[in-house]
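Novice: File follows, target_17.pdb with PDB, C-alpha atoms, pLDDT in the B column:
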```
ATOM      1  CA  MET O 108      35.273 -14.543 -24.898  1.00 58.00           C
ATOM      2  CA  ALA O 109      38.864 -14.306 -23.751  1.00 90.00           C
ATOM      3  CA  VAL O 110      40.893 -11.273 -22.840  1.00 96.00           C
ATOM      4  CA  THR O 111      44.486 -11.426 -21.651  1.00 96.00           C
ATOM      5  CA  VAL O 112      45.007  -9.509 -18.422  1.00 96.00           C
ATOM      6  CA  SER O 113      48.545  -8.620 -17.421  1.00 96.00           C
ATOM      7  CA  ILE O 114      49.046  -8.685 -13.651  1.00 96.00           C
ATOM      8  CA  PRO O 115      51.657  -6.539 -11.848  1.00 95.00           C
ATOM      9  CA  THR O 116      54.204  -8.112  -9.491  1.00 93.00           C
ATOM     10  CA  ILE O 117      52.483  -6.950  -6.329  1.00 93.00           C
ATOM     11  CA  LEU O 118      49.184  -8.608  -7.275  1.00 94.00           C
ATOM     12  CA  ARG O 119      50.581 -11.931  -8.459  1.00 94.00           C
ATOM     13  CA  THR O 120      50.031 -13.414  -5.015  1.00 91.00           C
ATOM     14  CA  HIS O 121      46.368 -13.331  -6.077  1.00 90.00           C
ATOM     15  CA  THR O 122      46.964 -15.214  -9.338  1.00 92.00           C
ATOM     16  CA  GLY O 123      49.194 -18.015  -8.107  1.00 91.00           C
ATOM     17  CA  GLY O 124      52.266 -16.132  -9.348  1.00 92.00           C
ATOM     18  CA  GLU O 125      50.982 -15.824 -12.937  1.00 93.00           C
ATOM     19  CA  LYS O 126      52.113 -12.740 -14.906  1.00 93.00           C
ATOM     20  CA  SER O 127      48.971 -12.810 -16.996  1.00 94.00           C
ATOM     21  CA  VAL O 128      45.623 -14.537 -16.851  1.00 95.00           C
ATOM     22  CA  GLU O 129      42.788 -15.121 -19.286  1.00 95.00           C
ATOM     23  CA  ALA O 130      39.449 -13.674 -18.315  1.00 96.00           C
ATOM     24  CA  SER O 131      36.079 -13.107 -19.899  1.00 95.00           C
ATOM     25  CA  GLY O 132      33.680 -10.228 -19.747  1.00 96.00           C
ATOM     26  CA  LYS O 133      32.331  -7.306 -21.738  1.00 96.00           C
ATOM     27  CA  THR O 134      33.645  -4.588 -19.425  1.00 97.00           C
ATOM     28  CA  VAL O 135      36.659  -4.072 -17.193  1.00 97.00           C
ATOM     29  CA  LEU O 136      34.472  -4.702 -14.143  1.00 97.00           C
ATOM     30  CA  GLU O 137      33.231  -8.014 -15.570  1.00 97.00           C
ATOM     31  CA  LEU O 138      36.841  -9.057 -16.192  1.00 96.00           C
ATOM     32  CA  ILE O 139      37.781  -8.201 -12.624  1.00 96.00           C
ATOM     33  CA  ASP O 140      34.777 -10.146 -11.301  1.00 96.00           C
ATOM     34  CA  ASP O 141      35.714 -13.120 -13.469  1.00 95.00           C
ATOM     35  CA  ILE O 142      39.300 -13.111 -12.149  1.00 94.00           C
ATOM     36  CA  GLU O 143      38.018 -12.611  -8.613  1.00 94.00           C
ATOM     37  CA  ALA O 144      35.856 -15.744  -8.964  1.00 94.00           C
ATOM     38  CA  LYS O 145      38.951 -17.796  -9.836  1.00 90.00           C
ATOM     39  CA  HIS O 146      41.507 -16.022  -7.651  1.00 86.00           C
ATOM     40  CA  GLY O 147      40.017 -14.328  -4.623  1.00 86.00           C
ATOM     41  CA  GLY O 148      41.473 -11.117  -3.279  1.00 90.00           C
ATOM     42  CA  LEU O 149      42.267  -9.207  -6.434  1.00 92.00           C
ATOM     43  CA  LYS O 150      39.142  -7.093  -6.594  1.00 95.00           C
ATOM     44  CA  ALA O 151      39.672  -5.446  -3.220  1.00 94.00           C
ATOM     45  CA  ARG O 152      43.062  -4.252  -4.453  1.00 94.00           C
ATOM     46  CA  LEU O 153      41.618  -2.645  -7.573  1.00 95.00           C
ATOM     47  CA  VAL O 154      38.163  -1.392  -6.715  1.00 96.00           C
ATOM     48  CA  LYS O 155      37.138   0.911  -3.907  1.00 92.00           C
ATOM     49  CA  ASP O 156      33.601   2.256  -3.424  1.00 90.00           C
ATOM     50  CA  GLU O 157      32.658   0.753  -6.819  1.00 91.00           C
ATOM     51  CA  LYS O 158      35.312   2.812  -8.557  1.00 94.00           C
ATOM     52  CA  LEU O 159      38.765   2.020  -9.781  1.00 96.00           C
ATOM     53  CA  HIS O 160      41.288   2.757  -7.059  1.00 95.00           C
ATOM     54  CA  ARG O 161      42.916   6.157  -7.620  1.00 94.00           C
ATOM     55  CA  PHE O 162      46.448   4.725  -7.622  1.00 95.00           C
ATOM     56  CA  VAL O 163      45.844   1.725  -9.854  1.00 96.00           C
ATOM     57  CA  ASN O 164      45.970   2.189 -13.610  1.00 97.00           C
ATOM     58  CA  VAL O 165      44.110  -0.128 -15.963  1.00 97.00           C
ATOM     59  CA  TYR O 166      44.687   0.014 -19.699  1.00 98.00           C
ATOM     60  CA  VAL O 167      42.664  -1.594 -22.473  1.00 97.00           C
ATOM     61  CA  ASN O 168      45.274  -2.065 -25.173  1.00 95.00           C
ATOM     62  CA  ASP O 169      47.013   1.334 -24.946  1.00 90.00           C
ATOM     63  CA  GLU O 170      44.231   3.369 -23.392  1.00 96.00           C
ATOM     64  CA  ASP O 171      43.980   4.263 -19.709  1.00 97.00           C
ATOM     65  CA  VAL O 172      40.374   3.362 -18.859  1.00 97.00           C
ATOM     66  CA  ARG O 173      40.146   6.388 -16.606  1.00 94.00           C
ATOM     67  CA  PHE O 174      39.536   8.325 -19.822  1.00 92.00           C
ATOM     68  CA  SER O 175      37.202   5.767 -21.429  1.00 92.00           C
ATOM     69  CA  GLY O 176      34.575   4.804 -18.898  1.00 94.00           C
ATOM     70  CA  GLY O 177      36.537   3.453 -15.956  1.00 95.00           C
ATOM     71  CA  LEU O 178      35.233   0.099 -14.753  1.00 96.00           C
ATOM     72  CA  GLU O 179      32.524   0.260 -17.422  1.00 96.00           C
ATOM     73  CA  ALA O 180      35.068   0.559 -20.246  1.00 97.00           C
ATOM     74  CA  GLU O 181      34.286  -2.039 -22.889  1.00 96.00           C
ATOM     75  CA  VAL O 182      36.578  -4.897 -23.781  1.00 96.00           C
ATOM     76  CA  LYS O 183      36.377  -7.362 -26.613  1.00 95.00           C
ATOM     77  CA  ASP O 184      37.820 -10.693 -27.547  1.00 93.00           C
ATOM     78  CA  GLY O 185      41.535 -10.474 -28.183  1.00 94.00           C
ATOM     79  CA  ASP O 186      42.080  -7.234 -26.255  1.00 96.00           C
ATOM     80  CA  THR O 187      44.991  -6.943 -23.880  1.00 95.00           C
ATOM     81  CA  VAL O 188      44.288  -5.428 -20.506  1.00 97.00           C
ATOM     82  CA  THR O 189      47.208  -4.223 -18.410  1.00 97.00           C
ATOM     83  CA  ILE O 190      47.012  -3.452 -14.708  1.00 97.00           C
ATOM     84  CA  LEU O 191      49.792  -1.247 -13.317  1.00 97.00           C
ATOM     85  CA  PRO O 192      50.036   0.320  -9.893  1.00 96.00           C
ATOM     86  CA  ALA O 193      50.769   4.043 -10.078  1.00 97.00           C
ATOM     87  CA  VAL O 194      54.292   5.084  -9.199  1.00 98.00           C
ATOM     88  CA  ALA O 195      53.648   8.035  -6.937  1.00 97.00           C
ATOM     89  CA  GLY O 196      54.363   9.571  -3.580  1.00 96.00           C
ATOM     90  CA  GLY O 197      55.291  12.835  -2.017  1.00 89.00           C
ATOM     91  CA  ALA O 198      56.857  14.744   0.785  1.00 87.00           C
ATOM     92  CA  ARG O 199      53.803  14.766   3.048  1.00 86.00           C
TER
ATOM     93  CA  MET L 159      66.042 -10.245  -0.320  1.00 54.00           C
ATOM     94  CA  THR L 160      69.159  -8.114  -0.638  1.00 53.00           C
ATOM     95  CA  THR L 161      69.367  -5.480   2.024  1.00 86.00           C
ATOM     96  CA  VAL L 162      72.008  -3.312   0.437  1.00 96.00           C
ATOM     97  CA  LEU L 163      71.787  -1.158  -2.658  1.00 97.00           C
ATOM     98  CA  ARG L 164      74.907  -1.580  -4.811  1.00 97.00           C
ATOM     99  CA  ILE L 165      74.865   1.128  -7.416  1.00 97.00           C
ATOM    100  CA  ARG L 166      77.330   2.628  -9.879  1.00 97.00           C
ATOM    101  CA  ARG L 167      78.579   6.120  -9.149  1.00 97.00           C
ATOM    102  CA  ASP L 168      77.487   7.479 -12.555  1.00 98.00           C
ATOM    103  CA  LEU L 169      73.892   6.397 -11.795  1.00 98.00           C
ATOM    104  CA  VAL L 170      73.969   8.100  -8.388  1.00 98.00           C
ATOM    105  CA  ASP L 171      75.289  11.241 -10.085  1.00 98.00           C
ATOM    106  CA  ALA L 172      72.536  11.057 -12.720  1.00 98.00           C
ATOM    107  CA  ILE L 173      69.816  10.798 -10.060  1.00 98.00           C
ATOM    108  CA  VAL L 174      71.223  13.709  -8.068  1.00 98.00           C
ATOM    109  CA  ALA L 175      71.608  15.831 -11.211  1.00 98.00           C
ATOM    110  CA  HIS L 176      67.975  15.146 -12.139  1.00 98.00           C
ATOM    111  CA  ALA L 177      66.826  16.059  -8.622  1.00 98.00           C
ATOM    112  CA  ARG L 178      68.832  19.305  -8.730  1.00 98.00           C
ATOM    113  CA  ARG L 179      67.522  20.164 -12.198  1.00 98.00           C
ATOM    114  CA  ASP L 180      63.847  19.773 -11.230  1.00 97.00           C
ATOM    115  CA  HIS L 181      64.198  21.451  -7.824  1.00 97.00           C
ATOM    116  CA  PRO L 182      61.982  22.870  -6.257  1.00 97.00           C
ATOM    117  CA  ASP L 183      59.604  20.327  -7.848  1.00 97.00           C
ATOM    118  CA  GLU L 184      60.057  16.678  -6.995  1.00 98.00           C
ATOM    119  CA  ALA L 185      61.969  14.645  -9.573  1.00 98.00           C
ATOM    120  CA  CYS L 186      61.299  10.948 -10.153  1.00 98.00           C
ATOM    121  CA  GLY L 187      62.455   8.028 -12.234  1.00 98.00           C
ATOM    122  CA  VAL L 188      63.584   4.444 -12.443  1.00 98.00           C
ATOM    123  CA  ILE L 189      66.805   2.552 -12.884  1.00 98.00           C
ATOM    124  CA  ALA L 190      65.987  -0.665 -14.642  1.00 98.00           C
ATOM    125  CA  GLY L 191      68.112  -3.769 -14.469  1.00 98.00           C
ATOM    126  CA  PRO L 192      68.002  -7.341 -15.695  1.00 97.00           C
ATOM    127  CA  ASP L 193      65.090  -9.366 -14.343  1.00 95.00           C
ATOM    128  CA  ASP L 194      67.335 -12.264 -13.361  1.00 95.00           C
ATOM    129  CA  GLY L 195      67.636 -11.767  -9.622  1.00 92.00           C
ATOM    130  CA  SER L 196      70.969  -9.952  -9.956  1.00 94.00           C
ATOM    131  CA  ASP L 197      69.503  -6.820  -8.344  1.00 95.00           C
ATOM    132  CA  ARG L 198      71.791  -4.683 -10.510  1.00 97.00           C
ATOM    133  CA  PRO L 199      70.594  -1.192 -11.502  1.00 98.00           C
ATOM    134  CA  GLU L 200      71.782  -0.392 -15.030  1.00 98.00           C
ATOM    135  CA  ARG L 201      69.518   1.715 -17.230  1.00 98.00           C
ATOM    136  CA  PHE L 202      68.763   5.243 -16.018  1.00 98.00           C
ATOM    137  CA  ILE L 203      65.250   6.357 -16.981  1.00 98.00           C
ATOM    138  CA  PRO L 204      64.296   9.842 -15.769  1.00 98.00           C
ATOM    139  CA  MET L 205      60.509  10.259 -15.746  1.00 98.00           C
ATOM    140  CA  VAL L 206      58.339  13.343 -15.962  1.00 98.00           C
ATOM    141  CA  ASN L 207      56.624  14.219 -12.696  1.00 98.00           C
ATOM    142  CA  ALA L 208      53.078  14.550 -14.014  1.00 97.00           C
ATOM    143  CA  ALA L 209      52.107  16.330 -10.780  1.00 97.00           C
ATOM    144  CA  ARG L 210      54.815  19.002 -11.308  1.00 96.00           C
ATOM    145  CA  SER L 211      54.711  19.666  -7.602  1.00 97.00           C
ATOM    146  CA  PRO L 212      57.172  20.412  -4.810  1.00 97.00           C
ATOM    147  CA  THR L 213      55.299  17.992  -2.522  1.00 96.00           C
ATOM    148  CA  PHE L 214      54.036  15.199  -4.793  1.00 97.00           C
ATOM    149  CA  TYR L 215      55.205  13.050  -7.674  1.00 97.00           C
ATOM    150  CA  GLU L 216      53.424  10.703 -10.020  1.00 98.00           C
ATOM    151  CA  PHE L 217      54.528   9.076 -13.262  1.00 98.00           C
ATOM    152  CA  ASP L 218      52.268  10.056 -16.148  1.00 97.00           C
ATOM    153  CA  SER L 219      49.941   7.136 -16.856  1.00 96.00           C
ATOM    154  CA  GLY L 220      50.883   6.868 -20.538  1.00 97.00           C
ATOM    155  CA  ASP L 221      54.599   7.056 -19.732  1.00 98.00           C
ATOM    156  CA  LEU L 222      54.098   4.389 -17.066  1.00 98.00           C
ATOM    157  CA  LEU L 223      52.583   1.957 -19.586  1.00 97.00           C
ATOM    158  CA  LYS L 224      55.374   2.661 -22.083  1.00 97.00           C
ATOM    159  CA  LEU L 225      58.012   2.147 -19.378  1.00 98.00           C
ATOM    160  CA  TYR L 226      56.634  -1.217 -18.249  1.00 97.00           C
ATOM    161  CA  ARG L 227      56.171  -2.423 -21.840  1.00 96.00           C
ATOM    162  CA  GLU L 228      59.793  -1.512 -22.565  1.00 97.00           C
ATOM    163  CA  MET L 229      61.076  -3.225 -19.434  1.00 97.00           C
ATOM    164  CA  ASP L 230      58.980  -6.276 -20.244  1.00 94.00           C
ATOM    165  CA  ALA L 231      60.398  -6.434 -23.784  1.00 96.00           C
ATOM    166  CA  ASN L 232      63.972  -6.109 -22.405  1.00 97.00           C
ATOM    167  CA  ASP L 233      63.463  -8.613 -19.550  1.00 97.00           C
ATOM    168  CA  GLU L 234      64.077  -5.797 -17.090  1.00 97.00           C
ATOM    169  CA  THR L 235      62.661  -4.930 -13.721  1.00 96.00           C
ATOM    170  CA  PRO L 236      62.529  -1.579 -11.854  1.00 97.00           C
ATOM    171  CA  VAL L 237      65.515  -2.212  -9.573  1.00 98.00           C
ATOM    172  CA  VAL L 238      65.495   1.370  -8.277  1.00 98.00           C
ATOM    173  CA  ILE L 239      62.555   3.764  -8.048  1.00 98.00           C
ATOM    174  CA  TYR L 240      63.791   7.206  -7.059  1.00 98.00           C
ATOM    175  CA  HIS L 241      62.284  10.533  -6.195  1.00 98.00           C
ATOM    176  CA  SER L 242      63.359  13.707  -4.474  1.00 98.00           C
ATOM    177  CA  HIS L 243      62.148  15.589  -1.461  1.00 97.00           C
ATOM    178  CA  THR L 244      62.927  19.240  -1.977  1.00 97.00           C
ATOM    179  CA  ALA L 245      62.233  20.710   1.469  1.00 96.00           C
ATOM    180  CA  THR L 246      62.333  17.713   3.812  1.00 96.00           C
ATOM    181  CA  GLU L 247      64.686  14.863   4.670  1.00 96.00           C
ATOM    182  CA  ALA L 248      65.321  11.871   2.423  1.00 97.00           C
ATOM    183  CA  TYR L 249      62.968   9.591   4.330  1.00 97.00           C
ATOM    184  CA  PRO L 250      59.724   8.064   2.987  1.00 98.00           C
ATOM    185  CA  SER L 251      56.654  10.091   3.897  1.00 97.00           C
ATOM    186  CA  ARG L 252      53.358   8.519   4.886  1.00 96.00           C
ATOM    187  CA  THR L 253      52.209   9.000   1.290  1.00 96.00           C
ATOM    188  CA  ASP L 254      55.356   7.308  -0.043  1.00 97.00           C
ATOM    189  CA  ILE L 255      54.746   4.341   2.224  1.00 97.00           C
ATOM    190  CA  LYS L 256      51.058   4.064   1.410  1.00 96.00           C
ATOM    191  CA  LEU L 257      51.636   4.215  -2.337  1.00 96.00           C
ATOM    192  CA  ALA L 258      54.740   2.023  -2.615  1.00 97.00           C
ATOM    193  CA  GLN L 259      53.674  -0.917  -4.769  1.00 95.00           C
ATOM    194  CA  GLU L 260      56.904  -2.515  -5.976  1.00 95.00           C
ATOM    195  CA  PRO L 261      57.956  -4.894  -3.200  1.00 93.00           C
ATOM    196  CA  PHE L 262      61.261  -5.818  -4.885  1.00 94.00           C
ATOM    197  CA  ALA L 263      62.416  -2.281  -5.694  1.00 97.00           C
ATOM    198  CA  HIS L 264      64.944  -0.184  -3.835  1.00 98.00           C
ATOM    199  CA  TYR L 265      63.160   3.082  -3.100  1.00 98.00           C
ATOM    200  CA  VAL L 266      65.795   5.804  -3.331  1.00 98.00           C
ATOM    201  CA  LEU L 267      65.110   9.189  -1.774  1.00 98.00           C
ATOM    202  CA  VAL L 268      67.229  12.236  -2.513  1.00 98.00           C
ATOM    203  CA  SER L 269      66.849  15.423  -0.552  1.00 98.00           C
ATOM    204  CA  THR L 270      67.762  18.683  -2.235  1.00 98.00           C
ATOM    205  CA  ARG L 271      66.690  20.933   0.635  1.00 97.00           C
ATOM    206  CA  ASP L 272      70.317  21.999   1.098  1.00 96.00           C
ATOM    207  CA  ALA L 273      71.760  23.759  -1.946  1.00 94.00           C
ATOM    208  CA  ASP L 274      75.239  22.333  -1.421  1.00 94.00           C
ATOM    209  CA  GLU L 275      74.835  18.975   0.300  1.00 96.00           C
ATOM    210  CA  HIS L 276      72.372  16.313  -0.833  1.00 96.00           C
ATOM    211  CA  GLU L 277      71.147  13.275   1.058  1.00 97.00           C
ATOM    212  CA  PHE L 278      70.926   9.988  -0.871  1.00 98.00           C
ATOM    213  CA  ARG L 279      69.276   7.099   0.987  1.00 98.00           C
ATOM    214  CA  SER L 280      67.641   3.809   0.055  1.00 98.00           C
ATOM    215  CA  TYR L 281      64.744   1.815   1.498  1.00 98.00           C
ATOM    216  CA  ARG L 282      62.652  -1.248   1.027  1.00 97.00           C
ATOM    217  CA  ILE L 283      58.960  -0.521   1.437  1.00 97.00           C
ATOM    218  CA  VAL L 284      56.861  -3.681   1.747  1.00 95.00           C
ATOM    219  CA  ASP L 285      53.313  -3.853   3.089  1.00 93.00           C
ATOM    220  CA  GLY L 286      53.684  -0.495   4.790  1.00 94.00           C
ATOM    221  CA  VAL L 287      56.964  -1.391   6.502  1.00 96.00           C
ATOM    222  CA  VAL L 288      60.009   0.764   5.758  1.00 97.00           C
ATOM    223  CA  THR L 289      63.491  -0.701   6.095  1.00 97.00           C
ATOM    224  CA  GLU L 290      66.462   1.534   5.410  1.00 97.00           C
ATOM    225  CA  GLU L 291      69.404  -0.202   3.779  1.00 98.00           C
ATOM    226  CA  PRO L 292      73.033   0.807   3.240  1.00 98.00           C
ATOM    227  CA  VAL L 293      74.049   2.234  -0.133  1.00 98.00           C
ATOM    228  CA  GLU L 294      77.283   0.903  -1.577  1.00 97.00           C
ATOM    229  CA  VAL L 295      78.537   3.099  -4.403  1.00 97.00           C
ATOM    230  CA  VAL L 296      80.872   1.328  -6.815  1.00 96.00           C
ATOM    231  CA  GLU L 297      82.764   2.466  -9.896  1.00 95.00           C
ATOM    232  CA  SER L 298      81.798  -0.670 -11.808  1.00 94.00           C
ATOM    233  CA  TYR L 299      79.832  -3.874 -11.197  1.00 93.00           C
ATOM    234  CA  MET L 300      82.654  -5.917 -12.701  1.00 84.00           C
ATOM    235  CA  PHE L 301      85.330  -7.384 -10.465  1.00 63.00           C
ATOM    236  CA  ALA L 302      83.738  -5.990  -7.315  1.00 53.00           C
ATOM    237  CA  ASN L 303      83.195  -9.455  -5.861  1.00 53.00           C
ATOM    238  CA  THR L 304      86.455 -10.847  -7.125  1.00 47.00           C
ATOM    239  CA  GLY L 305      88.714 -11.787  -4.268  1.00 49.00           C
ATOM    240  CA  SER L 306      92.419 -12.415  -4.757  1.00 50.00           C
ATOM    241  CA  ASP L 307      91.728 -16.146  -5.061  1.00 52.00           C
ATOM    242  CA  ASP L 308      89.731 -15.534  -8.207  1.00 50.00           C
ATOM    243  CA  LEU L 309      92.460 -13.731 -10.088  1.00 52.00           C
ATOM    244  CA  PRO L 310      93.802 -15.680 -13.036  1.00 55.00           C
ATOM    245  CA  ASP L 311      97.249 -17.147 -12.582  1.00 52.00           C
ATOM    246  CA  ALA L 312      99.922 -14.805 -13.819  1.00 48.00           C
TER
END
```
Could I get this structure in the form of C-alpha cells?
Specialist:
Amino acid sequence: MAVTVSIPTILRTHTGGEKSVEASGKTVLELIDDIEAKHGGLKARLVKDEKLHRFVNVYVNDEDVRFSGGLEAEVKDGDTVTILPAVAGGAR
Amino acid sequence: MTTVLRIRRDLVDAIVAHARRDHPDEACGVIAGPDDGSDRPERFIPMVNAARSPTFYEFDSGDLLKLYREMDANDETPVVIYHSHTATEAYPSRTDIKLAQEPFAHYVLVSTRDADEHEFRSYRIVDGVVTEEPVEVVESYMFANTGSDDLPDA
C-alpha cells in the first residue's frame, strides 16, 4: 500500500533532499515509522512523547489530522499526506 | 546564502500597513517569490493570525495548507515570512527562534510599539541561530544591478 508523503524543506535532509516520498502504513504513525526505517531522523522531528509535535501540521488529503485522530488517523492507498511546520512565533 | 534582503518599497509599505491595521494584535504573512534561487520577494500574502493575540502569532492550519499548495503550484517559495511585535522591539523572541522552520526565508520583524515610527528589520533564523541582515529597499527589481557598462549603446 503506497501513500505519497510530501516533505517540507526543513526535513528534506532526512529524505536525501526528496520533496516527497512513498510510504506504506494504515495510520499516520505507521507511515512515519516506515519513512523512519528508510531515512532515520525524521520521526524525532515529528513525534514527541508519542504525540504529534504541537508545531508540526500533518494533513491527510485536506484534513489536519489533529482533528481526525492525530497519529492514529487512518490513511489508505492513494492518499496524499502533507507535512508542514507551523508558521508561528510571538513576542515572548 | 544571501545575507541581505532586497525588497520593493511597495511590499515594505504593505507589511507595515498590515502591522498597523492589526495592532495591538500581532500581524503575520508571507511574501512569496519564484523558487529559482533569485531570492526575490514578489507576491504579498497577508495571513490571518489564528491566535489573535498581542504576544503570539500562528497561521491557521487550513490557511497554511492552502498557502503551500498555491506556492507549490506557482513554483514559489516563502522568500519573506513577516510578523509584528506590538509592544517590544523588532528582534526575534525566544519563541520566534524556537519555532522558525524555514531555513531559507528572510524573517522580517516589524515593531509597531511606537505610534509614529516603526522598526523594520530582517533576520535569518537557522538551527536556533539568529543573524540580522541589512534591508535594501528598492523601487523596482529591474535595472538595479545594471551598471553603466550594461546600458545598450545609444
Novice: Could you list, as number ranges by chain, the residues of chain L having an atom within 9 Å of chain O when counting only C-alpha atoms?
Specialist: L: 184, 186, 207, 211-220, 222-224, 226, 239, 241-247, 249-262
Novice: Quick one: residues within 6 Å of O:Thr134, only C-alpha atoms, excluding same-chain residues fewer than 4 positions away - as a tab-separated table (two decimals) with C-alpha atoms, keeping the file's coordinate frame?
Specialist:
```tsv
chain	number	residue	atom	x	y	z
O	179	GLU	CA	32.52	0.26	-17.42
O	180	ALA	CA	35.07	0.56	-20.25
O	181	GLU	CA	34.29	-2.04	-22.89
O	182	VAL	CA	36.58	-4.90	-23.78
```
Novice: What is the distance between atom CA of L:Ile203 and atom CA of L:Ala172, in Å to one decimal?
Specialist: 9.7 Å
Novice: Any chance you could resolve the PyMOL selection byres ((chain O and resi 135) around 12) against this file and give the residues as a ChimeraX atom specification?
Specialist: /O:110-112,130-134,136-142,150,153-154,158-159,164-168,171-173,175-183,186-190
Novice: Using C-alpha atoms, can you write the selected residues to a file as a compact mmCIF listing (two decimals), in the coordinates of the input?
Specialist:
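After the write, out-v7.txt holds the following:
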```txt
# COMPACT_ATOMS: atom_id res chain seq x y z
CA VAL O 110 40.89 -11.27 -22.84
CA THR O 111 44.49 -11.43 -21.65
CA VAL O 112 45.01 -9.51 -18.42
CA ALA O 130 39.45 -13.67 -18.32
CA SER O 131 36.08 -13.11 -19.90
CA GLY O 132 33.68 -10.23 -19.75
CA LYS O 133 32.33 -7.31 -21.74
CA THR O 134 33.65 -4.59 -19.42
CA LEU O 136 34.47 -4.70 -14.14
CA GLU O 137 33.23 -8.01 -15.57
CA LEU O 138 36.84 -9.06 -16.19
CA ILE O 139 37.78 -8.20 -12.62
CA ASP O 140 34.78 -10.15 -11.30
CA ASP O 141 35.71 -13.12 -13.47
CA ILE O 142 39.30 -13.11 -12.15
CA LYS O 150 39.14 -7.09 -6.59
CA LEU O 153 41.62 -2.64 -7.57
CA VAL O 154 38.16 -1.39 -6.72
CA LYS O 158 35.31 2.81 -8.56
CA LEU O 159 38.76 2.02 -9.78
CA ASN O 164 45.97 2.19 -13.61
CA VAL O 165 44.11 -0.13 -15.96
CA TYR O 166 44.69 0.01 -19.70
CA VAL O 167 42.66 -1.59 -22.47
CA ASN O 168 45.27 -2.06 -25.17
CA ASP O 171 43.98 4.26 -19.71
CA VAL O 172 40.37 3.36 -18.86
CA ARG O 173 40.15 6.39 -16.61
CA SER O 175 37.20 5.77 -21.43
CA GLY O 176 34.58 4.80 -18.90
CA GLY O 177 36.54 3.45 -15.96
CA LEU O 178 35.23 0.10 -14.75
CA GLU O 179 32.52 0.26 -17.42
CA ALA O 180 35.07 0.56 -20.25
CA GLU O 181 34.29 -2.04 -22.89
CA VAL O 182 36.58 -4.90 -23.78
CA LYS O 183 36.38 -7.36 -26.61
CA ASP O 186 42.08 -7.23 -26.26
CA THR O 187 44.99 -6.94 -23.88
CA VAL O 188 44.29 -5.43 -20.51
CA THR O 189 47.21 -4.22 -18.41
CA ILE O 190 47.01 -3.45 -14.71
```
Novice: Spell out the residues picked by the PyMOL selection byres ((chain L and resi 232) around 12) here, as a PDB file with C-alpha atoms, in the coordinates of the input.
Specialist:
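selection_16.pdb, freshly written:
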```pdb
ATOM      1  CA  ALA L 190      65.987  -0.665 -14.642  1.00 98.00           C
ATOM      2  CA  GLY L 191      68.112  -3.769 -14.469  1.00 98.00           C
ATOM      3  CA  PRO L 192      68.002  -7.341 -15.695  1.00 97.00           C
ATOM      4  CA  ASP L 193      65.090  -9.366 -14.343  1.00 95.00           C
ATOM      5  CA  ASP L 194      67.335 -12.264 -13.361  1.00 95.00           C
ATOM      6  CA  ARG L 201      69.518   1.715 -17.230  1.00 98.00           C
ATOM      7  CA  LEU L 225      58.012   2.147 -19.378  1.00 98.00           C
ATOM      8  CA  TYR L 226      56.634  -1.217 -18.249  1.00 97.00           C
ATOM      9  CA  ARG L 227      56.171  -2.423 -21.840  1.00 96.00           C
ATOM     10  CA  GLU L 228      59.793  -1.512 -22.565  1.00 97.00           C
ATOM     11  CA  MET L 229      61.076  -3.225 -19.434  1.00 97.00           C
ATOM     12  CA  ASP L 230      58.980  -6.276 -20.244  1.00 94.00           C
ATOM     13  CA  ALA L 231      60.398  -6.434 -23.784  1.00 96.00           C
ATOM     14  CA  ASP L 233      63.463  -8.613 -19.550  1.00 97.00           C
ATOM     15  CA  GLU L 234      64.077  -5.797 -17.090  1.00 97.00           C
ATOM     16  CA  THR L 235      62.661  -4.930 -13.721  1.00 96.00           C
ATOM     17  CA  PRO L 236      62.529  -1.579 -11.854  1.00 97.00           C
TER      18      PRO L 236
END
```
Novice: Which residue out of L:Leu169, L:Ala209, L:Leu267, L:Ala175 has the minimum interatomic distance to L:Tyr240 when all atoms listed in the file are used?
Specialist: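 Counting all atoms listed in the file, the residue closest to L:Tyr240 is L:Leu267.
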Novice: Could you check how far atom CA of L:Ala263 sits from atom CA of L:Thr161, in Å to one decimal?
Specialist: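 Atom-to-atom, atom CA of L:Ala263 to atom CA of L:Thr161, that is 10.9 Å.
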Novice: I need the output of the PyMOL selection byres ((chain L and resi 270) around 9) for this file as a VMD selection string; which residues are they?
Specialist: chain L and resid 174 177 to 178 181 to 182 242 to 248 268 to 269 271 to 277
Novice: Just the number, please: distance in Å from atom CA of L:Arg282 to atom CA of O:Val128, one decimal.
Specialist: 28.0 Å
Novice: Residues within 10 Å of O:Thr122, please, as number ranges by chain. Count only C-alpha atoms; anything in the same chain fewer than 3 positions from it doesn't count.
Specialist: O: 114, 118-119, 125-128, 142-143, 145-149
Novice: Need the shell around L:Leu163: protein/DNA/RNA residues with any atom at most 10 Å away, counting all atoms listed in the file. Skip same-chain ones fewer than 4 positions apart. Format as number ranges by chain?
Specialist: L: 197-199, 237-238, 263-266, 279-282, 291-295
